[in-house]
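Student: Take this structure first; my questions come after.
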Amino acid sequence: MDHNTIEEGKTMAIISYVTLIGTLAAYFMNRNQKNEFATFHIGQALRAWITGIIVSFIAALLIMFTGISALSYLQYAGLILAIIGAINAMNGKVEKIPLVGNIG
């Protein structure tokens, strides 16, 4: 990916990691331009937020059935993945986020 593509898509890529609404906003902003860098990071952000929702749901169930309140820290999984992805986007890197970056 060339430097111009990265610089042009960097803002949309970063926005995609700012909540699930940011991901949707970046997706619609990128529909016309179809910037390759932004498209990559929008996909990674979507994976991060969906993972966060699923893991939070599973953590809530586990807490309810086991009573182990320490499992509540799992709720931050999506946020942590999104922060990693946002750092990659800010640095102009095309790196997949850990654990779920290869899904799909």
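In the structure tokens, chains take letters A, B, ... by order of appearance, with residues numbered from 1 within each chain and ligands from 1 in the order shown.
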Residues of chain A in alpha helix (DSSP H) according to DSSP, as a PyMOL selection string?
Tutor: chain A and resi 3-15+19-33+36-66+77-90
Student: Need to verify the contact set: Thr39 in chain A, 8 Å, only C-alpha atoms, exclusion of same-chain residues closer than 5 positions in sequence. Can you return it as a PDB file with all heavy atoms, in the first residue's frame?
Tutor:
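Output contents, as saved in around.pdb:
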```pdb
ATOM      1  N   ALA A  13      -9.802   5.594   9.064  1.00  0.00           N
ATOM      2  CA  ALA A  13      -9.344   4.403   9.779  1.00  0.00           C
ATOM      3  C   ALA A  13      -9.407   4.633  11.284  1.00  0.00           C
ATOM      4  O   ALA A  13      -9.873   3.763  12.032  1.00  0.00           O
ATOM      5  CB  ALA A  13      -7.925   4.042   9.350  1.00  0.00           C
ATOM      6  N   TYR A  27     -17.479   3.567   7.602  1.00  0.00           N
ATOM      7  CA  TYR A  27     -17.908   2.713   6.492  1.00  0.00           C
ATOM      8  C   TYR A  27     -18.658   3.536   5.438  1.00  0.00           C
ATOM      9  O   TYR A  27     -18.380   3.437   4.246  1.00  0.00           O
ATOM     10  CB  TYR A  27     -18.797   1.573   7.009  1.00  0.00           C
ATOM     11  CG  TYR A  27     -19.462   0.797   5.904  1.00  0.00           C
ATOM     12  CD1 TYR A  27     -18.748  -0.150   5.179  1.00  0.00           C
ATOM     13  CD2 TYR A  27     -20.792   1.016   5.568  1.00  0.00           C
ATOM     14  CE1 TYR A  27     -19.348  -0.858   4.150  1.00  0.00           C
ATOM     15  CE2 TYR A  27     -21.401   0.315   4.544  1.00  0.00           C
ATOM     16  CZ  TYR A  27     -20.670  -0.620   3.840  1.00  0.00           C
ATOM     17  OH  TYR A  27     -21.268  -1.314   2.814  1.00  0.00           O
ATOM     18  N   ASN A  30     -16.449   5.966   3.595  1.00  0.00           N
ATOM     19  CA  ASN A  30     -15.499   5.307   2.694  1.00  0.00           C
ATOM     20  C   ASN A  30     -16.180   4.648   1.494  1.00  0.00           C
ATOM     21  O   ASN A  30     -15.506   4.179   0.583  1.00  0.00           O
ATOM     22  CB  ASN A  30     -14.683   4.267   3.476  1.00  0.00           C
ATOM     23  CG  ASN A  30     -13.511   3.744   2.695  1.00  0.00           C
ATOM     24  OD1 ASN A  30     -12.791   4.499   2.047  1.00  0.00           O
ATOM     25  ND2 ASN A  30     -13.306   2.445   2.742  1.00  0.00           N
ATOM     26  N   LYS A  34     -13.544   4.458  -1.367  1.00  0.00           N
ATOM     27  CA  LYS A  34     -13.012   3.093  -1.357  1.00  0.00           C
ATOM     28  C   LYS A  34     -11.502   3.056  -1.147  1.00  0.00           C
ATOM     29  O   LYS A  34     -10.760   2.429  -1.889  1.00  0.00           O
ATOM     30  CB  LYS A  34     -13.419   2.343  -2.617  1.00  0.00           C
ATOM     31  CG  LYS A  34     -14.909   2.199  -2.721  1.00  0.00           C
ATOM     32  CD  LYS A  34     -15.331   1.327  -3.851  1.00  0.00           C
ATOM     33  CE  LYS A  34     -16.853   1.316  -3.832  1.00  0.00           C
ATOM     34  NZ  LYS A  34     -17.462   0.488  -4.763  1.00  0.00           N
TER      35      LYS A  34
END
```
Student: When you count only C-alpha atoms, which of these residues is closest to His3 in chain A: A:Glu36, A:Ala59, A:Ile103, A:Ala86?
Tutor: A:Glu36
Student: Give me the residues near Leu20 in chain A as a list in words, where near means some atom within 9 Å (using only C-alpha atoms) and where sequence neighbours in that chain fewer than 6 positions away do not count.
Tutor: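 The neighbour list is Ala45, Leu46, Trp49 and Ile50 of chain A.
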Student: With N, CA and C atoms kept, could you save the residues just selected as a compact mmCIF listing (two decimals), in the first residue's frame?
Tutor:
```
# COMPACT_ATOMS: atom_id res chain seq x y z
N ALA A 45 -11.88 -2.94 12.88
CA ALA A 45 -12.67 -2.32 13.95
C ALA A 45 -13.98 -3.07 14.16
N LEU A 46 -14.60 -3.47 13.08
CA LEU A 46 -15.85 -4.23 13.19
C LEU A 46 -15.61 -5.54 13.94
N TRP A 49 -15.21 -4.68 17.74
CA TRP A 49 -16.45 -4.34 18.46
C TRP A 49 -17.39 -5.54 18.57
N ILE A 50 -17.48 -6.35 17.53
CA ILE A 50 -18.33 -7.54 17.62
C ILE A 50 -17.77 -8.51 18.65
```
Student: Near range 6-10 of chain A, within 12 Å and counting only C-alpha atoms, which residues show up once chain neighbours fewer than 6 positions away are dropped, as a PyMOL selection string?
Tutor: chain A and resi 16-17+26-27+29-31+33-42+85-94
Student: Nearest to Ile63 in chain A: which of A:Gln75, A:Thr23, A:Val18, A:Gly101 is it, counting only C-alpha atoms?
Tutor: A:Gln75
Student: When distances are computed from only C-alpha atoms, which of A:Gln44, A:Thr5, A:Ser72, A:Thr66 shows the smallest separation from Pro98 in chain A?
Tutor: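 Selected residue with least distance to Pro98 in chain A: A:Gln44.
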Student: In terms of the shortest atom-to-atom distance over only C-alpha atoms, which of A:Ala77, A:Ile21, A:Ala70, A:Ile83 is closest to Ile54 in chain A?
Tutor: A:Ala77
Student: Pick out the closest residue to Ile53 in chain A from this set: A:Met1, A:Leu24, A:Asn32, A:Thr19. Count only C-alpha atoms.
Tutor: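 Checking each candidate against Ile53 in chain A, we get A:Thr19 as the closest.
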Student: When distances are computed from only C-alpha atoms, which of A:Leu74, A:Ile14, A:Leu79, A:Met64 shows the smallest separation from Ala48 in chain A?
Tutor: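 Nearest candidate to Ala48 in chain A out of A:Leu74, A:Ile14, A:Leu79, A:Met64: A:Leu79.
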Student: One decimal, Å: what's the distance from CA of Ile80 in chain A over to CA of Gly43 in chain A, could you say?
Tutor: 15.9 Å
Student: Do you have the CA of Thr11 in chain A-CA of Ile84 in chain A distance handy?
Tutor: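 Between these atoms lies a distance of 15.8 Å.
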